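Raw contents of entry_19.txt, compact mmCIF, C-alpha atoms:
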```txt
# COMPACT_ATOMS: atom_id res chain seq x y z
CA MET A 12 130.99 192.19 128.62
CA ARG A 13 128.51 194.35 130.50
CA PRO A 14 127.79 193.06 134.04
CA LEU A 15 124.28 191.79 134.71
CA PRO A 16 121.93 194.03 136.71
CA PHE A 17 121.94 193.08 140.40
CA PRO A 18 118.28 191.89 140.55
CA LEU A 19 118.81 189.73 137.46
CA ILE A 20 121.77 188.00 139.08
CA HIS A 21 119.56 187.00 142.02
CA LEU A 22 116.81 185.81 139.66
CA LEU A 23 119.20 183.59 137.71
CA ALA A 24 120.64 182.20 140.93
CA SER A 25 117.15 181.35 142.18
CA LEU A 26 116.30 179.63 138.91
CA ALA A 27 119.50 177.61 139.06
CA LEU A 28 118.67 176.46 142.58
CA ALA A 29 115.15 175.53 141.53
CA LEU A 30 116.54 173.33 138.74
CA LEU A 31 118.73 171.36 141.15
CA PRO A 32 117.58 167.85 142.01
CA ALA A 33 115.66 167.85 145.30
CA SER A 34 118.38 165.83 147.00
CA GLN A 35 121.03 168.42 146.13
CA ALA A 36 118.85 171.35 147.22
CA LEU A 37 118.13 169.72 150.57
CA ALA A 38 121.74 168.66 151.06
CA ALA A 39 122.86 172.26 150.65
CA ALA A 40 120.44 173.56 153.26
CA CYS A 41 119.99 170.57 155.58
CA GLN A 42 123.27 170.62 157.44
CA ALA A 43 124.58 172.39 160.51
CA GLN A 44 127.72 172.72 162.60
CA SER A 45 127.72 173.69 166.26
CA GLY A 46 129.59 176.79 167.37
CA THR A 47 131.95 177.75 170.15
CA HIS A 48 129.22 177.86 172.81
CA ARG A 49 127.05 175.14 174.25
CA ALA A 50 123.54 174.90 172.87
CA ALA A 51 120.49 174.60 175.12
CA LEU A 52 118.38 171.65 174.03
CA VAL A 53 114.87 172.41 175.32
CA GLN A 54 112.76 169.25 175.34
CA LEU A 55 109.06 169.50 176.15
CA PHE A 56 107.03 166.35 176.70
CA THR A 57 103.44 167.26 175.95
CA SER A 58 100.09 166.03 174.66
CA GLU A 59 97.05 167.46 172.91
CA GLY A 60 94.95 165.54 175.44
CA CYS A 61 96.42 167.42 178.42
CA SER A 62 94.63 170.61 179.52
CA ASP A 63 97.76 171.93 181.28
CA CYS A 64 99.88 171.60 178.14
CA PRO A 65 98.76 174.44 175.80
CA PRO A 66 100.51 177.20 177.85
CA ALA A 67 103.74 175.19 177.79
CA ASP A 68 103.30 174.55 174.06
CA THR A 69 102.87 178.27 173.47
CA ARG A 70 106.06 178.99 175.39
CA LEU A 71 108.03 176.45 173.37
CA ASN A 72 106.52 177.73 170.11
CA ALA A 73 108.06 181.14 170.82
CA LEU A 74 111.60 179.76 171.07
CA ASN A 75 113.92 179.82 168.09
CA SER A 76 117.53 179.00 167.33
CA ALA A 77 118.79 182.58 167.37
CA THR A 78 122.33 182.93 168.67
CA SER A 79 125.06 185.52 169.05
CA ALA A 80 128.81 185.68 169.53
CA GLN A 81 128.23 185.68 173.29
CA SER A 82 125.96 182.65 173.55
CA GLY A 83 124.94 179.39 172.00
CA PRO A 84 121.64 178.61 170.30
CA ILE A 85 118.35 177.48 171.78
CA VAL A 86 117.25 174.17 170.22
CA PRO A 87 113.56 173.51 171.03
CA LEU A 88 111.82 170.16 170.54
CA ALA A 89 108.26 169.07 171.40
CA PHE A 90 107.74 165.36 172.05
CA HIS A 91 104.06 164.39 171.95
CA VAL A 92 103.51 161.37 174.21
CA ASN A 93 100.76 158.80 173.70
CA TYR A 94 99.81 157.99 177.30
CA TRP A 95 97.01 160.58 177.12
CA ASP A 96 95.44 158.96 174.06
CA ASP A 97 92.91 156.94 176.10
CA GLN A 98 91.38 160.08 177.62
CA GLY A 99 89.11 160.90 174.68
CA TRP A 100 91.49 162.43 172.12
CA ARG A 101 94.19 160.70 170.11
CA ASP A 102 97.19 162.97 169.53
CA LEU A 103 98.17 162.60 165.86
CA PHE A 104 101.77 163.57 166.62
CA ALA A 105 102.26 161.15 169.51
CA ASP A 106 104.60 158.18 169.41
CA PRO A 107 105.27 155.56 172.10
CA ALA A 108 109.01 156.12 171.61
CA TYR A 109 108.70 159.66 172.97
CA GLY A 110 107.06 158.48 176.17
CA GLU A 111 109.79 155.87 176.54
CA LEU A 112 112.44 158.57 176.11
CA GLN A 113 110.75 160.68 178.79
CA GLU A 114 110.53 157.74 181.19
CA TRP A 115 114.22 156.98 180.70
CA MET A 116 115.20 160.63 181.27
CA VAL A 117 113.05 160.85 184.41
CA HIS A 118 114.67 157.76 185.90
CA ALA A 119 118.19 158.76 184.79
CA THR A 120 117.82 162.08 186.61
CA GLY A 121 116.54 160.52 189.84
CA GLY A 122 112.84 161.15 189.29
CA ARG A 123 109.92 158.78 189.68
CA VAL A 124 106.91 160.48 188.12
CA VAL A 125 106.23 160.88 184.39
CA TYR A 126 103.86 163.75 183.59
CA THR A 127 102.99 166.51 181.13
CA PRO A 128 103.90 169.22 180.49
CA HIS A 129 107.49 168.36 181.38
CA PHE A 130 110.49 170.44 180.33
CA PHE A 131 114.13 169.32 180.27
CA ILE A 132 117.05 171.67 179.53
CA ASN A 133 120.11 169.77 178.35
CA GLY A 134 118.80 166.75 180.21
CA THR A 135 118.03 168.57 183.47
CA PRO A 136 114.35 168.39 184.51
CA LEU A 137 112.67 171.74 185.03
CA LEU A 138 109.84 171.71 187.56
CA ASP A 139 108.90 175.41 187.51
CA TRP A 140 109.23 176.27 183.83
CA ARG A 141 107.30 179.53 184.07
CA SER A 142 109.86 181.17 186.35
CA ARG A 143 113.09 179.28 185.60
CA LEU A 144 113.11 178.45 181.88
CA ASP A 145 114.91 181.59 180.70
CA ALA A 146 117.51 181.46 183.47
CA LEU A 147 118.41 177.84 182.82
CA MET A 148 118.62 178.37 179.06
CA ASN A 149 120.92 181.37 179.55
CA GLN A 150 123.04 179.44 182.03
CA ASN A 151 123.68 176.72 179.45
CA THR A 152 124.19 178.89 176.37
CA SER A 153 126.77 181.07 178.15
CA GLN A 154 129.10 178.07 178.57
CA SER A 155 131.91 177.18 176.19
CA ALA A 156 131.12 174.16 174.06
CA PRO A 157 132.40 170.94 175.65
CA ALA A 158 132.24 169.24 172.23
CA GLY A 159 131.51 169.99 168.60
CA LEU A 160 128.70 168.41 166.59
CA TYR A 161 127.90 168.37 162.86
CA VAL A 162 124.82 166.88 161.21
CA SER A 163 123.58 166.60 157.63
CA ALA A 164 120.57 164.93 156.03
CA THR A 165 120.12 163.81 152.43
CA PRO A 166 116.78 162.51 151.08
CA GLN A 167 116.52 158.91 149.96
CA PRO A 168 113.71 157.03 148.17
CA GLY A 169 110.72 156.05 150.27
CA ASN A 170 110.57 159.15 152.52
CA ARG A 171 113.85 158.35 154.20
CA LEU A 172 116.79 160.53 155.15
CA ALA A 173 120.43 159.51 155.13
CA ILE A 174 121.90 161.04 158.28
CA SER A 175 125.58 161.81 158.72
CA ALA A 176 126.83 163.17 162.04
CA LYS A 177 130.26 163.88 163.45
CA ALA A 178 131.19 164.64 167.06
CA SER A 179 134.51 166.36 167.69
CA GLY A 180 136.59 167.45 170.66
CA LEU A 181 135.47 164.52 172.79
CA LYS A 182 137.43 163.37 175.80
CA PRO A 183 139.17 160.00 175.31
CA ASP A 184 136.96 158.37 177.95
CA ALA A 185 133.73 159.97 176.73
CA ASN A 186 130.75 157.63 176.82
CA LEU A 187 128.06 159.31 174.77
CA GLN A 188 125.13 158.45 172.58
CA LEU A 189 123.64 160.38 169.66
CA ARG A 190 120.03 160.94 168.72
CA VAL A 191 118.72 162.64 165.60
CA ALA A 192 115.18 163.96 165.14
CA VAL A 193 113.12 165.61 162.43
CA ALA A 194 111.06 168.49 163.83
CA GLU A 195 108.20 170.30 162.10
CA SER A 196 106.57 173.67 162.77
CA GLY A 197 103.39 175.32 161.49
CA LEU A 198 101.09 172.52 162.63
CA VAL A 199 97.46 173.12 163.64
CA SER A 200 95.00 170.74 165.30
CA HIS A 201 91.29 171.25 165.89
CA VAL A 202 90.61 169.18 169.00
CA ILE A 203 87.05 167.85 169.30
CA ALA A 204 87.30 165.58 172.36
CA GLY A 205 89.18 165.15 175.62
CA GLU A 206 90.35 167.84 178.05
CA ASN A 207 91.05 170.35 175.25
CA SER A 208 87.81 169.75 173.36
CA GLY A 209 86.88 172.76 171.23
CA ALA A 210 90.40 174.20 171.20
CA THR A 211 92.51 174.97 168.15
CA LEU A 212 96.11 174.15 169.00
CA THR A 213 99.10 175.53 167.11
CA HIS A 214 102.37 173.63 167.35
CA ALA A 215 106.02 174.30 166.51
CA HIS A 216 109.18 172.19 166.81
CA VAL A 217 107.16 168.95 166.90
CA VAL A 218 109.26 165.80 166.62
CA ARG A 219 107.91 163.77 163.69
CA ALA A 220 110.61 161.11 163.64
CA MET A 221 113.57 160.15 165.83
CA THR A 222 116.40 157.66 165.72
CA PRO A 223 117.09 155.33 168.63
CA ALA A 224 120.11 156.10 170.77
CA LEU A 225 123.19 155.53 168.61
CA PRO A 226 126.65 154.79 170.01
CA VAL A 227 129.38 157.35 169.35
CA HIS A 228 132.70 155.66 168.70
CA ALA A 229 136.22 157.02 169.04
CA ASP A 230 136.22 158.79 165.67
CA GLY A 231 132.93 160.53 166.50
CA ALA A 232 131.29 159.57 163.19
CA VAL A 233 127.73 158.24 163.03
CA GLN A 234 125.83 157.18 159.91
CA THR A 235 122.18 156.10 159.90
CA THR A 236 118.87 156.45 158.08
CA LEU A 237 115.59 157.83 159.37
CA ALA A 238 112.08 157.29 158.03
CA VAL A 239 110.01 160.48 157.88
CA PRO A 240 106.18 160.58 157.71
CA ALA A 241 104.91 161.34 154.21
CA SER A 242 102.64 164.01 155.73
CA THR A 243 105.61 166.08 156.89
CA GLY A 244 105.45 169.60 155.43
CA LYS A 245 107.98 172.26 154.49
CA GLN A 246 108.87 173.77 157.89
CA VAL A 247 111.19 170.93 158.80
CA ARG A 248 114.49 170.93 160.70
CA VAL A 249 116.96 168.20 161.54
CA VAL A 250 118.24 168.20 165.13
CA ALA A 251 121.04 166.11 166.64
CA TRP A 252 122.24 165.90 170.23
CA LEU A 253 124.95 164.16 172.23
CA GLN A 254 123.78 162.67 175.53
CA ASN A 255 125.28 160.83 178.47
CA PRO A 256 123.54 157.42 178.65
CA GLN A 257 123.84 157.24 182.44
CA THR A 258 122.87 160.76 183.54
CA ALA A 259 120.86 161.98 180.49
CA GLU A 260 122.99 165.15 180.38
CA VAL A 261 123.06 166.67 176.90
CA ILE A 262 126.62 167.72 176.05
CA GLN A 263 125.89 169.48 172.77
CA ALA A 264 123.05 169.92 170.29
CA VAL A 265 122.76 171.33 166.80
CA SER A 266 119.84 172.22 164.53
CA THR A 267 119.63 172.92 160.83
CA ALA A 268 117.55 175.71 159.40
CA ASP A 269 114.31 174.72 157.65
CA CYS A 270 115.12 172.08 155.03
CA ALA A 271 113.49 171.98 151.60
CA ARG A 272 111.18 169.03 150.95
```
For this file, write the structure as structure tokens.
Amino acid sequence: MRPLPFPLIHLLASLALALLPASQALAAACQAQSGTHRAALVQLFTSEGCSDCPPADTRLNALNSATSAQSGPIVPLAFHVNYWDDQGWRDLFADPAYGELQEWMVHATGGRVVYTPHFFINGTPLLDWRSRLDALMNQNTSQSAPAGLYVSATPQPGNRLAISAKASGLKPDANLQLRVAVAESGLVSHVIAGENSGATLTHAHVVRAMTPALPVHADGAVQTTLAVPASTGKQVRVVAWLQNPQTAEVIQAVSTADCAR
């Protein structure tokens, strides 16, 4: 039997993937396993109603999950808070839960003031992000991984995802919690009121949905479901992170590539 031409093989493979049920196609792509180095979870608390936030948003937009054998990945997330919504512009991506997460992290790290833009790197607050962001990311990604983390997401009826996560290599006395978020890129807003009135804002890595803090038991396995907004588009990733509930330190994080919708 004569072998198929190389381009035809790729065409047939693409057609076969297209014929898969959506749940199978997403399940194949929407999973990730952490590597041998620690990831740097970069959390930005921001708002479309804050005039100081667009430069920080632009900086976060430029981050990606590229990694190498010498370092771990960067895992960026933008949390749009709602406490700016009474200043003339309602942020469509804001959720009260994100402001609550920020307030908890501020208090857990010894702070008192909640503000935007506010960066955290693996749970450590970053006051001068313009000069210190790269150094702190590199410091974290050069470390060996203190734990392993796997996450997968499978679509369910009603715009829900079935989440399966597994932490490994944990110390026997580890006291950690897990959060999982769905992040979307390629978002654009035309702001017509508030401090950024007249601006067109482009967003990446925006958290569209997030689980509450979930306990991690001795076997490291966590199962849950997560509702995702119906408006969520195609540039979607699933991110999971392990965090100390007392200090807010992030032990490990992992991100999928873009998942099919």
Would you write out, as a Markdown table, a table of all residues in range 182-256 of chain A that have an atom no more than 12 Å from an atom of range 117-127 of chain A, listing for each the closest atom pair and the distance in Å to one decimal, considering all atoms listed in the file and ordering rows by chain and rising residue number?
```
| residue | atom | partner | partner_atom | distance |
| --- | --- | --- | --- | --- |
| A:Gln254 | CA | A:Ala119 | CA | 11.5 |
| A:Asn255 | CA | A:Ala119 | CA | 9.7 |
| A:Pro256 | CA | A:Ala119 | CA | 8.3 |
```
Skipping near chain neighbours, those fewer than 3 positions away, what residues fall within 8 Å of Phe130 in chain A using only C-alpha atoms, listed as a list in words?
->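 Surrounding residues, per the criterion: Val53, Gln54, Leu55, Phe56, Pro136, Leu137, Leu138 and Trp140 of chain A.
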Residue contacts of Trp252 in chain A (10 Å, all atoms listed in the file) excluding same-chain residues fewer than 3 positions away, as a PDB file with C-alpha atoms, in the frame of the given file:
```
ATOM      1  CA  ALA A  50     123.540 174.900 172.870  1.00  0.00           C
ATOM      2  CA  LEU A  52     118.380 171.650 174.030  1.00  0.00           C
ATOM      3  CA  VAL A  86     117.250 174.170 170.220  1.00  0.00           C
ATOM      4  CA  ASN A 133     120.110 169.770 178.350  1.00  0.00           C
ATOM      5  CA  LEU A 160     128.700 168.410 166.590  1.00  0.00           C
ATOM      6  CA  TYR A 161     127.900 168.370 162.860  1.00  0.00           C
ATOM      7  CA  VAL A 162     124.820 166.880 161.210  1.00  0.00           C
ATOM      8  CA  ALA A 176     126.830 163.170 162.040  1.00  0.00           C
ATOM      9  CA  ALA A 178     131.190 164.640 167.060  1.00  0.00           C
ATOM     10  CA  LEU A 187     128.060 159.310 174.770  1.00  0.00           C
ATOM     11  CA  GLN A 188     125.130 158.450 172.580  1.00  0.00           C
ATOM     12  CA  LEU A 189     123.640 160.380 169.660  1.00  0.00           C
ATOM     13  CA  ARG A 190     120.030 160.940 168.720  1.00  0.00           C
ATOM     14  CA  VAL A 191     118.720 162.640 165.600  1.00  0.00           C
ATOM     15  CA  ALA A 192     115.180 163.960 165.140  1.00  0.00           C
ATOM     16  CA  VAL A 261     123.060 166.670 176.900  1.00  0.00           C
ATOM     17  CA  ILE A 262     126.620 167.720 176.050  1.00  0.00           C
ATOM     18  CA  GLN A 263     125.890 169.480 172.770  1.00  0.00           C
ATOM     19  CA  ALA A 264     123.050 169.920 170.290  1.00  0.00           C
ATOM     20  CA  VAL A 265     122.760 171.330 166.800  1.00  0.00           C
ATOM     21  CA  SER A 266     119.840 172.220 164.530  1.00  0.00           C
TER      22      SER A 266
END
```
Interatomic distance (Å, one decimal) between CA of Pro107 in chain A and CA of Ala43 in chain A =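 One can read the CA of Pro107 in chain A to CA of Ala43 in chain A distance as 28.1 Å.
If you measure from each of A:Tyr109, A:Trp95, A:Phe131, A:Trp115 to Val218 in chain A using all atoms listed in the file, the closest one turns out to be A:Tyr109.
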CA of Leu253 in chain A to CA of Ala220 in chain A measures 17.0 Å
